[in-house]
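Coordinates as given in final.cif (mmCIF, C-alpha atoms):
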data_my_file
#
loop_
_atom_site.group_PDB
_atom_site.id
_atom_site.type_symbol
_atom_site.label_atom_id
_atom_site.label_comp_id
_atom_site.auth_asym_id
_atom_site.auth_seq_id
_atom_site.Cartn_x
_atom_site.Cartn_y
_atom_site.Cartn_z
ATOM 1 C CA MET J 1443 0.000 0.000 0.000
ATOM 2 C CA VAL J 1444 1.440 3.345 -1.059
ATOM 3 C CA LYS J 1445 1.616 5.850 1.807
ATOM 4 C CA SER J 1446 2.343 9.538 1.774
ATOM 5 C CA MET J 1447 5.101 10.898 3.995
ATOM 6 C CA THR J 1448 2.838 13.713 5.159
ATOM 7 C CA GLY J 1449 0.079 13.061 7.658
ATOM 8 C CA TYR J 1450 -1.508 13.898 10.998
ATOM 9 C CA GLY J 1451 -3.058 11.809 13.756
ATOM 10 C CA ARG J 1452 -4.388 12.598 17.219
ATOM 11 C CA ALA J 1453 -5.651 10.539 20.141
ATOM 12 C CA ARG J 1454 -6.766 11.343 23.663
ATOM 13 C CA GLU J 1455 -7.541 8.976 26.507
ATOM 14 C CA THR J 1456 -7.722 8.945 30.297
ATOM 15 C CA LEU J 1457 -5.708 6.116 31.811
ATOM 16 C CA ASN J 1458 -4.990 5.668 35.519
ATOM 17 C CA LYS J 1459 -6.504 9.116 36.161
ATOM 18 C CA ARG J 1460 -4.095 10.732 33.687
ATOM 19 C CA ASP J 1461 -5.511 12.652 30.735
ATOM 20 C CA ILE J 1462 -3.082 11.828 27.922
ATOM 21 C CA THR J 1463 -3.137 13.497 24.489
ATOM 22 C CA VAL J 1464 -0.772 12.451 21.682
ATOM 23 C CA GLU J 1465 -0.436 14.175 18.319
ATOM 24 C CA VAL J 1466 1.658 12.867 15.421
ATOM 25 C CA ARG J 1467 2.480 14.817 12.289
ATOM 26 C CA SER J 1468 5.092 14.464 9.577
ATOM 27 C CA VAL J 1469 6.521 16.055 6.451
ATOM 28 C CA ASN J 1470 8.811 14.808 3.695
ATOM 29 C CA ASN J 1471 12.334 13.782 4.585
ATOM 30 C CA ARG J 1472 14.901 11.503 2.994
ATOM 31 C CA TYR J 1473 15.283 9.430 6.150
ATOM 32 C CA LEU J 1474 13.320 8.898 9.368
ATOM 33 C CA ASP J 1475 13.795 11.778 11.788
ATOM 34 C CA CYS J 1476 11.630 11.512 14.881
ATOM 35 C CA ALA J 1477 11.387 14.297 17.471
ATOM 36 C CA VAL J 1478 9.366 13.944 20.695
ATOM 37 C CA LYS J 1479 8.084 16.949 22.621
ATOM 38 C CA MET J 1480 6.646 16.186 26.046
ATOM 39 C CA PRO J 1481 6.752 17.348 29.695
ATOM 40 C CA ARG J 1482 10.244 16.991 31.104
ATOM 41 C CA ALA J 1483 8.918 14.948 34.015
ATOM 42 C CA TYR J 1484 8.004 12.168 31.574
ATOM 43 C CA ILE J 1485 11.141 12.195 29.441
ATOM 44 C CA PHE J 1486 11.783 8.601 30.532
ATOM 45 C CA ALA J 1487 9.152 7.484 27.988
ATOM 46 C CA GLU J 1488 10.907 9.086 24.989
ATOM 47 C CA ASP J 1489 12.806 5.966 23.885
ATOM 48 C CA ALA J 1490 9.655 3.843 24.032
ATOM 49 C CA ILE J 1491 7.792 6.419 21.942
ATOM 50 C CA LYS J 1492 10.525 6.549 19.289
ATOM 51 C CA ALA J 1493 10.608 2.760 19.110
ATOM 52 C CA ARG J 1494 6.848 2.680 18.382
ATOM 53 C CA VAL J 1495 7.223 5.331 15.689
ATOM 54 C CA GLN J 1496 10.068 3.421 14.008
ATOM 55 C CA LYS J 1497 7.818 0.370 13.703
ATOM 56 C CA ALA J 1498 5.068 2.390 12.031
ATOM 57 C CA VAL J 1499 7.100 4.755 9.834
ATOM 58 C CA SER J 1500 10.102 4.122 7.582
ATOM 59 C CA ARG J 1501 10.977 7.683 6.578
ATOM 60 C CA GLY J 1502 9.849 11.273 7.003
ATOM 61 C CA LYS J 1503 10.323 14.004 9.581
ATOM 62 C CA VAL J 1504 7.942 12.955 12.351
ATOM 63 C CA ASP J 1505 7.027 15.151 15.308
ATOM 64 C CA VAL J 1506 5.259 13.618 18.318
ATOM 65 C CA PHE J 1507 3.582 15.925 20.842
ATOM 66 C CA VAL J 1508 2.562 14.485 24.220
ATOM 67 C CA THR J 1509 0.420 16.387 26.719
ATOM 68 C CA ILE J 1510 -0.366 14.888 30.125
ATOM 69 C CA ASP J 1511 -2.781 16.246 32.744
ATOM 70 C CA THR J 1512 -2.136 14.461 36.044
ATOM 71 C CA SER J 1513 -4.219 16.651 38.347
ATOM 72 C CA ALA J 1514 -6.674 13.822 39.009
ATOM 73 C CA ALA J 1515 -3.902 11.318 39.567
ATOM 74 C CA ASP J 1516 -1.834 13.379 41.987
ATOM 75 C CA VAL J 1517 -1.209 11.466 45.204
ATOM 76 C CA THR J 1518 0.365 13.518 47.966
ATOM 77 C CA VAL J 1519 2.304 12.207 50.936
ATOM 78 C CA VAL J 1520 2.455 14.198 54.198
ATOM 79 C CA ALA J 1521 5.530 13.390 56.287
ATOM 80 C CA VAL J 1522 6.443 14.530 59.814
ATOM 81 C CA ASN J 1523 9.942 15.730 60.497
ATOM 82 C CA GLU J 1524 10.094 14.169 63.950
ATOM 83 C CA PRO J 1525 13.532 15.427 65.026
ATOM 84 C CA LEU J 1526 12.577 18.982 64.119
ATOM 85 C CA ALA J 1527 9.169 18.699 65.804
ATOM 86 C CA ARG J 1528 10.772 17.316 68.933
ATOM 87 C CA GLY J 1529 13.245 20.184 68.966
ATOM 88 C CA TYR J 1530 10.401 22.707 68.712
ATOM 89 C CA TYR J 1531 8.480 20.893 71.465
ATOM 90 C CA GLU J 1532 11.408 20.801 73.851
ATOM 91 C CA ALA J 1533 12.176 24.446 73.155
ATOM 92 C CA LEU J 1534 8.574 25.408 73.917
ATOM 93 C CA MET J 1535 8.536 23.359 77.130
ATOM 94 C CA GLN J 1536 11.759 25.035 78.186
ATOM 95 C CA LEU J 1537 10.189 28.438 77.605
ATOM 96 C CA LYS J 1538 7.153 27.354 79.639
ATOM 97 C CA THR J 1539 9.336 26.270 82.575
ATOM 98 C CA THR J 1540 11.705 29.204 82.419
ATOM 99 C CA PHE J 1541 8.981 31.808 82.405
ATOM 100 C CA SER J 1542 6.414 29.861 84.476
ATOM 101 C CA MET J 1543 3.885 30.001 81.693
ATOM 102 C CA ASP J 1544 0.609 28.134 81.476
ATOM 103 C CA GLY J 1545 -0.768 26.209 78.538
ATOM 104 C CA ASP J 1546 -0.076 23.009 76.647
ATOM 105 C CA VAL J 1547 1.802 22.482 73.375
ATOM 106 C CA SER J 1548 -0.684 21.054 70.892
ATOM 107 C CA PRO J 1549 0.042 19.208 67.592
ATOM 108 C CA VAL J 1550 -1.642 22.055 65.731
ATOM 109 C CA ALA J 1551 0.766 24.508 67.267
ATOM 110 C CA LEU J 1552 3.764 22.372 66.346
ATOM 111 C CA ALA J 1553 2.498 21.874 62.772
ATOM 112 C CA LYS J 1554 2.565 25.626 62.219
ATOM 113 C CA PHE J 1555 6.331 25.742 62.581
ATOM 114 C CA PRO J 1556 8.326 25.686 59.303
ATOM 115 C CA ASP J 1557 9.267 22.302 57.848
ATOM 116 C CA VAL J 1558 7.623 20.249 60.608
ATOM 117 C CA LEU J 1559 5.247 18.856 57.981
ATOM 118 C CA THR J 1560 6.396 18.226 54.395
ATOM 119 C CA VAL J 1561 4.068 17.506 51.470
ATOM 120 C CA THR J 1562 5.437 15.580 48.477
ATOM 121 C CA LYS J 1563 4.044 13.746 45.466
ATOM 122 C CA ALA J 1564 4.093 10.005 45.492
ATOM 123 C CA ASP J 1565 6.554 8.391 43.069
ATOM 124 C CA GLU J 1566 4.975 7.329 39.774
ATOM 125 C CA ASP J 1567 5.311 3.883 38.275
ATOM 126 C CA VAL J 1568 7.567 4.586 35.298
ATOM 127 C CA GLU J 1569 6.652 1.438 33.392
ATOM 128 C CA THR J 1570 2.919 1.985 33.823
ATOM 129 C CA VAL J 1571 3.118 5.603 32.680
ATOM 130 C CA SER J 1572 5.219 4.633 29.628
ATOM 131 C CA ALA J 1573 2.758 1.906 28.724
ATOM 132 C CA ASP J 1574 -0.189 4.322 29.031
ATOM 133 C CA ILE J 1575 1.493 6.899 26.804
ATOM 134 C CA CYS J 1576 2.350 4.257 24.203
ATOM 135 C CA GLN J 1577 -1.225 2.977 24.253
ATOM 136 C CA VAL J 1578 -2.516 6.425 23.319
ATOM 137 C CA LEU J 1579 0.353 6.824 20.834
ATOM 138 C CA ASP J 1580 -0.731 3.641 19.036
ATOM 139 C CA LYS J 1581 -4.184 5.125 18.456
ATOM 140 C CA ALA J 1582 -2.684 8.380 17.199
ATOM 141 C CA LEU J 1583 -0.408 6.433 14.855
ATOM 142 C CA ALA J 1584 -3.384 4.457 13.550
ATOM 143 C CA ALA J 1585 -5.190 7.693 12.640
ATOM 144 C CA TYR J 1586 -1.969 9.111 11.231
ATOM 145 C CA ASN J 1587 -1.343 6.065 9.021
ATOM 146 C CA GLU J 1588 -4.935 6.060 7.819
ATOM 147 C CA MET J 1589 -4.547 9.637 6.627
ATOM 148 C CA ARG J 1590 -1.254 8.775 4.920
ATOM 149 C CA ALA J 1591 -2.868 5.789 3.192
ATOM 150 C CA VAL J 1592 -5.672 7.950 1.798
ATOM 151 C CA GLU J 1593 -3.153 10.408 0.398
ATOM 152 C CA GLY J 1594 -1.016 7.513 -0.831
ATOM 153 C CA ARG J 1595 -3.889 6.088 -2.869
ATOM 154 C CA LYS J 1596 -4.298 9.438 -4.601
ATOM 155 C CA LEU J 1597 -0.582 9.579 -5.365
ATOM 156 C CA ALA J 1598 -0.622 6.018 -6.712
ATOM 157 C CA GLU J 1599 -3.592 6.789 -8.965
ATOM 158 C CA ASP J 1600 -1.891 9.876 -10.340
ATOM 159 C CA ILE J 1601 1.408 8.069 -10.961
ATOM 160 C CA GLY J 1602 -0.429 5.100 -12.495
ATOM 161 C CA GLY J 1603 -2.189 7.395 -14.961
ATOM 162 C CA ARG J 1604 1.090 9.011 -15.973
ATOM 163 C CA VAL J 1605 2.732 5.603 -16.383
ATOM 164 C CA ASN J 1606 -0.093 4.663 -18.764
ATOM 165 C CA THR J 1607 0.618 7.818 -20.756
ATOM 166 C CA ILE J 1608 4.325 6.990 -20.980
ATOM 167 C CA GLU J 1609 3.519 3.450 -22.110
ATOM 168 C CA ALA J 1610 1.248 4.773 -24.866
ATOM 169 C CA VAL J 1611 3.975 7.136 -26.074
ATOM 170 C CA VAL J 1612 6.509 4.287 -26.066
ATOM 171 C CA GLY J 1613 4.164 2.462 -28.441
ATOM 172 C CA GLU J 1614 4.157 5.497 -30.727
ATOM 173 C CA VAL J 1615 7.965 5.600 -30.697
ATOM 174 C CA GLU J 1616 8.144 1.896 -31.571
ATOM 175 C CA GLU J 1617 5.723 2.453 -34.436
ATOM 176 C CA ARG J 1618 7.515 5.529 -35.751
ATOM 177 C CA SER J 1619 11.114 4.308 -35.466
ATOM 178 C CA PRO J 1620 11.120 2.022 -38.585
ATOM 179 C CA GLN J 1621 9.626 4.849 -40.618
ATOM 180 C CA THR J 1622 12.638 7.064 -39.862
ATOM 181 C CA VAL J 1623 14.940 4.455 -41.389
ATOM 182 C CA ALA J 1624 12.776 4.200 -44.531
ATOM 183 C CA ALA J 1625 12.684 7.989 -44.826
ATOM 184 C CA TYR J 1626 16.460 8.114 -44.523
ATOM 185 C CA ARG J 1627 16.828 5.517 -47.274
ATOM 186 C CA GLU J 1628 14.664 7.624 -49.585
ATOM 187 C CA ARG J 1629 16.669 10.776 -48.845
ATOM 188 C CA LEU J 1630 19.963 8.933 -49.323
ATOM 189 C CA GLU J 1631 18.876 7.413 -52.612
ATOM 190 C CA GLY J 1632 17.593 10.764 -53.856
ATOM 191 C CA LYS J 1633 20.889 12.495 -53.082
ATOM 192 C CA MET J 1634 22.873 9.747 -54.759
ATOM 193 C CA ARG J 1635 20.716 9.964 -57.884
ATOM 194 C CA GLU J 1636 21.182 13.720 -57.928
ATOM 195 C CA VAL J 1637 24.963 13.412 -57.669
ATOM 196 C CA LEU J 1638 25.447 10.458 -59.991
ATOM 197 C CA GLN J 1639 22.588 11.302 -62.351
ATOM 198 C CA SER J 1640 23.052 8.909 -65.304
ATOM 199 C CA THR J 1641 25.331 6.506 -63.470
ATOM 200 C CA THR J 1642 23.737 3.346 -62.120
ATOM 201 C CA ILE J 1643 23.224 3.511 -58.337
ATOM 202 C CA ASP J 1644 24.982 0.850 -56.298
ATOM 203 C CA GLU J 1645 22.123 -0.774 -54.390
ATOM 204 C CA SER J 1646 24.492 -2.547 -52.018
ATOM 205 C CA ARG J 1647 26.012 0.794 -51.000
ATOM 206 C CA ILE J 1648 22.569 2.160 -50.202
ATOM 207 C CA LEU J 1649 21.795 -0.935 -48.150
ATOM 208 C CA THR J 1650 25.073 -0.593 -46.275
ATOM 209 C CA GLU J 1651 24.539 3.094 -45.473
ATOM 210 C CA THR J 1652 20.960 2.455 -44.462
ATOM 211 C CA ALA J 1653 21.997 -0.412 -42.195
ATOM 212 C CA ILE J 1654 24.630 1.762 -40.507
ATOM 213 C CA PHE J 1655 22.108 4.542 -39.954
ATOM 214 C CA ALA J 1656 19.459 2.139 -38.720
ATOM 215 C CA ASP J 1657 21.894 0.746 -36.169
ATOM 216 C CA LYS J 1658 22.703 4.240 -34.906
ATOM 217 C CA ILE J 1659 19.103 5.287 -34.448
ATOM 218 C CA ALA J 1660 17.662 1.942 -33.310
ATOM 219 C CA VAL J 1661 15.784 2.387 -30.044
ATOM 220 C CA ASP J 1662 14.532 -1.161 -29.627
ATOM 221 C CA GLU J 1663 16.721 -1.785 -26.583
ATOM 222 C CA GLU J 1664 15.581 1.449 -24.950
ATOM 223 C CA THR J 1665 11.878 0.814 -25.524
ATOM 224 C CA VAL J 1666 12.204 -2.741 -24.214
ATOM 225 C CA ARG J 1667 13.858 -1.441 -21.055
ATOM 226 C CA LEU J 1668 11.213 1.256 -20.760
ATOM 227 C CA ARG J 1669 8.458 -1.342 -20.870
ATOM 228 C CA SER J 1670 10.315 -3.355 -18.240
ATOM 229 C CA HIS J 1671 10.589 -0.272 -15.999
ATOM 230 C CA ILE J 1672 6.893 0.458 -16.509
ATOM 231 C CA ALA J 1673 6.001 -3.076 -15.404
ATOM 232 C CA GLN J 1674 8.183 -2.678 -12.303
ATOM 233 C CA LEU J 1675 6.560 0.668 -11.505
ATOM 234 C CA ARG J 1676 3.129 -0.922 -11.572
ATOM 235 C CA ASP J 1677 4.269 -3.794 -9.358
ATOM 236 C CA MET J 1678 5.715 -1.334 -6.855
ATOM 237 C CA LEU J 1679 2.493 0.666 -6.729
ATOM 238 C CA ARG J 1680 0.729 -2.532 -5.625
ATOM 239 C CA SER J 1681 3.364 -3.383 -3.001
ATOM 240 C CA GLU J 1682 2.601 -3.409 0.729
ATOM 241 C CA GLN J 1683 6.122 -2.234 1.580
ATOM 242 C CA PRO J 1684 7.564 1.311 1.568
ATOM 243 C CA ILE J 1685 8.598 2.008 -2.029
ATOM 244 C CA GLY J 1686 9.614 5.677 -2.104
ATOM 245 C CA ARG J 1687 13.364 5.140 -2.504
ATOM 246 C CA LYS J 1688 12.923 2.380 -5.086
ATOM 247 C CA LEU J 1689 10.497 4.495 -7.092
ATOM 248 C CA ASP J 1690 12.911 7.398 -7.013
ATOM 249 C CA PHE J 1691 15.691 5.225 -8.431
ATOM 250 C CA LEU J 1692 13.480 3.591 -11.053
ATOM 251 C CA ILE J 1693 12.088 6.874 -12.357
ATOM 252 C CA GLN J 1694 15.681 8.032 -12.872
ATOM 253 C CA GLU J 1695 16.229 4.982 -15.063
ATOM 254 C CA VAL J 1696 13.082 5.805 -17.052
ATOM 255 C CA ASN J 1697 14.361 9.332 -17.567
ATOM 256 C CA ARG J 1698 17.741 7.981 -18.734
ATOM 257 C CA GLU J 1699 16.117 5.796 -21.395
ATOM 258 C CA CYS J 1700 14.045 8.747 -22.609
ATOM 259 C CA ASN J 1701 17.195 10.842 -22.947
ATOM 260 C CA THR J 1702 18.913 8.092 -24.921
ATOM 261 C CA ILE J 1703 15.996 7.827 -27.347
ATOM 262 C CA GLY J 1704 16.040 11.587 -27.794
ATOM 263 C CA SER J 1705 19.772 11.642 -28.525
ATOM 264 C CA LYS J 1706 19.520 8.820 -31.089
ATOM 265 C CA CYS J 1707 16.586 10.103 -33.121
ATOM 266 C CA ASN J 1708 16.532 13.259 -35.195
ATOM 267 C CA ASP J 1709 12.932 12.664 -36.197
ATOM 268 C CA LEU J 1710 10.638 15.525 -35.203
ATOM 269 C CA THR J 1711 7.760 13.237 -34.220
ATOM 270 C CA ILE J 1712 9.929 11.057 -31.970
ATOM 271 C CA THR J 1713 11.536 14.163 -30.478
ATOM 272 C CA GLN J 1714 8.071 15.404 -29.527
ATOM 273 C CA ASN J 1715 7.269 11.985 -28.070
ATOM 274 C CA VAL J 1716 10.397 12.159 -25.939
ATOM 275 C CA VAL J 1717 9.425 15.638 -24.713
ATOM 276 C CA ASN J 1718 5.992 14.303 -23.727
ATOM 277 C CA MET J 1719 7.494 11.330 -21.889
ATOM 278 C CA LYS J 1720 10.000 13.501 -20.005
ATOM 279 C CA ALA J 1721 7.193 15.846 -18.958
ATOM 280 C CA GLU J 1722 5.311 12.902 -17.423
ATOM 281 C CA VAL J 1723 8.527 11.579 -15.841
ATOM 282 C CA GLU J 1724 9.155 14.943 -14.173
ATOM 283 C CA LYS J 1725 5.623 15.014 -12.761
ATOM 284 C CA ILE J 1726 6.052 11.469 -11.443
ATOM 285 C CA ARG J 1727 9.386 12.445 -9.884
ATOM 286 C CA GLU J 1728 7.671 15.281 -7.991
ATOM 287 C CA GLN J 1729 4.992 12.914 -6.688
ATOM 288 C CA VAL J 1730 7.520 10.263 -5.693
ATOM 289 C CA GLN J 1731 9.145 12.776 -3.318
ATOM 290 C CA ASN J 1732 5.937 12.565 -1.233
ATOM 291 C CA ILE J 1733 5.874 8.751 -1.001
ATOM 292 C CA GLU J 1734 7.220 6.829 1.980
#
Could you write out this file's structure as structure tokens?
Amino acid sequence: MVKSMTGYGRARETLNKRDITVEVRSVNNRYLDCAVKMPRAYIFAEDAIKARVQKAVSRGKVDVFVTIDTSAADVTVVAVNEPLARGYYEALMQLKTTFSMDGDVSPVALAKFPDVLTVTKADEDVETVSADICQVLDKALAAYNEMRAVEGRKLAEDIGGRVNTIEAVVGEVEERSPQTVAAYRERLEGKMREVLQSTTIDESRILTETAIFADKIAVDEETVRLRSHIAQLRDMLRSEQPIGRKLDFLIQEVNRECNTIGSKCNDLTITQNVVNMKAEVEKIREQVQNIE
């Protein structure tokens, strides 16, 4: 299945009282370049996120945005600094004795002193949090890949149509090529008659010259290779694997064969055919840059 390198996917889910949102988006790139942007407190999950992305994407510049709201999951721990509390208590009792004061020292009074009570967040289970983030990431990647597949189908249809056009033009070149040799023979014979006039024309010489010319302008090998490349292009467009790099290489080969045909033939019709094929090749090349 052909997939575009550009896409977007988003998923949001509440797991273990954490509201997790993951967004995935990508643009064209020669290789896979994954960047993760998330709260620093959860940076421990970055490697797991990148590993999931690498399984789903082969190339492209992919940005993953992770937002986590943990307000509902916050668990606080209140701890008593006993040595400090005891010090405050003993100091207060000493004041009471020294100055003959009345009154008791209550826990509420002690708790008002700095640092007697400390409030901290409970440690989070790293593995559980990573698993929750990856679970939401999988859903975002599914939406992201679905969007890329839709765009990929459009790209494949466009390329397929242009391949059909190239194949039709190749047929025209194959049909026209023998006619260029016949036309050359007529021109050669006419010039020889004009020069020699009354002298008998050497038919074997004409055949030899025509054969040499025909060998120079023969494009049979090029058209055969073009048809082979066209068949490979169609097979690739039906493949389930990433094909962007292979398509890029193959379309260069198609362009090379077109150039060779153009350099061999001086026929105006074939030259126009080559121009038409190269125009389609260039459009395919532009589309291939968007394919994974």
Quiz item: Which residues fall under the PyMOL selection byres ((chain J and resi 1715) around 12) in this file, as a ChimeraX atom specification?
Solution: /J:1607-1619,1700-1701,1703-1704,1707-1714,1716-1722
Practice problem: Pick out the closest residue to Asn1458 (chain J) from this set: J:Val1550, J:Val1571, J:Val1696, J:Met1678. Count all atoms listed in the file. | Solution: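 Answer, going by the shortest atom-to-atom distance: J:Val1571.
The coordinates place CA of Leu1537 (chain J) at 15.7 Å from CA of Phe1555 (chain J).
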Self-check item: Residues near Val1730 (chain J), cut-off 7 Å, only C-alpha atoms, skip fewer than 2 positions along chain, as a list in words
Solution: Gly1686, Leu1689, Asp1690, Ile1726, Arg1727, Glu1728, Asn1732 and Ile1733 of chain J
Quiz item: Pick from J:Leu1675, J:Ala1477, J:Thr1456, J:Leu1559: nearest to Ala1521 (chain J), with all atoms listed in the file counted?
Solution: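 Looking only at the distances to Ala1521 (chain J), the closest residue turns out to be J:Leu1559.
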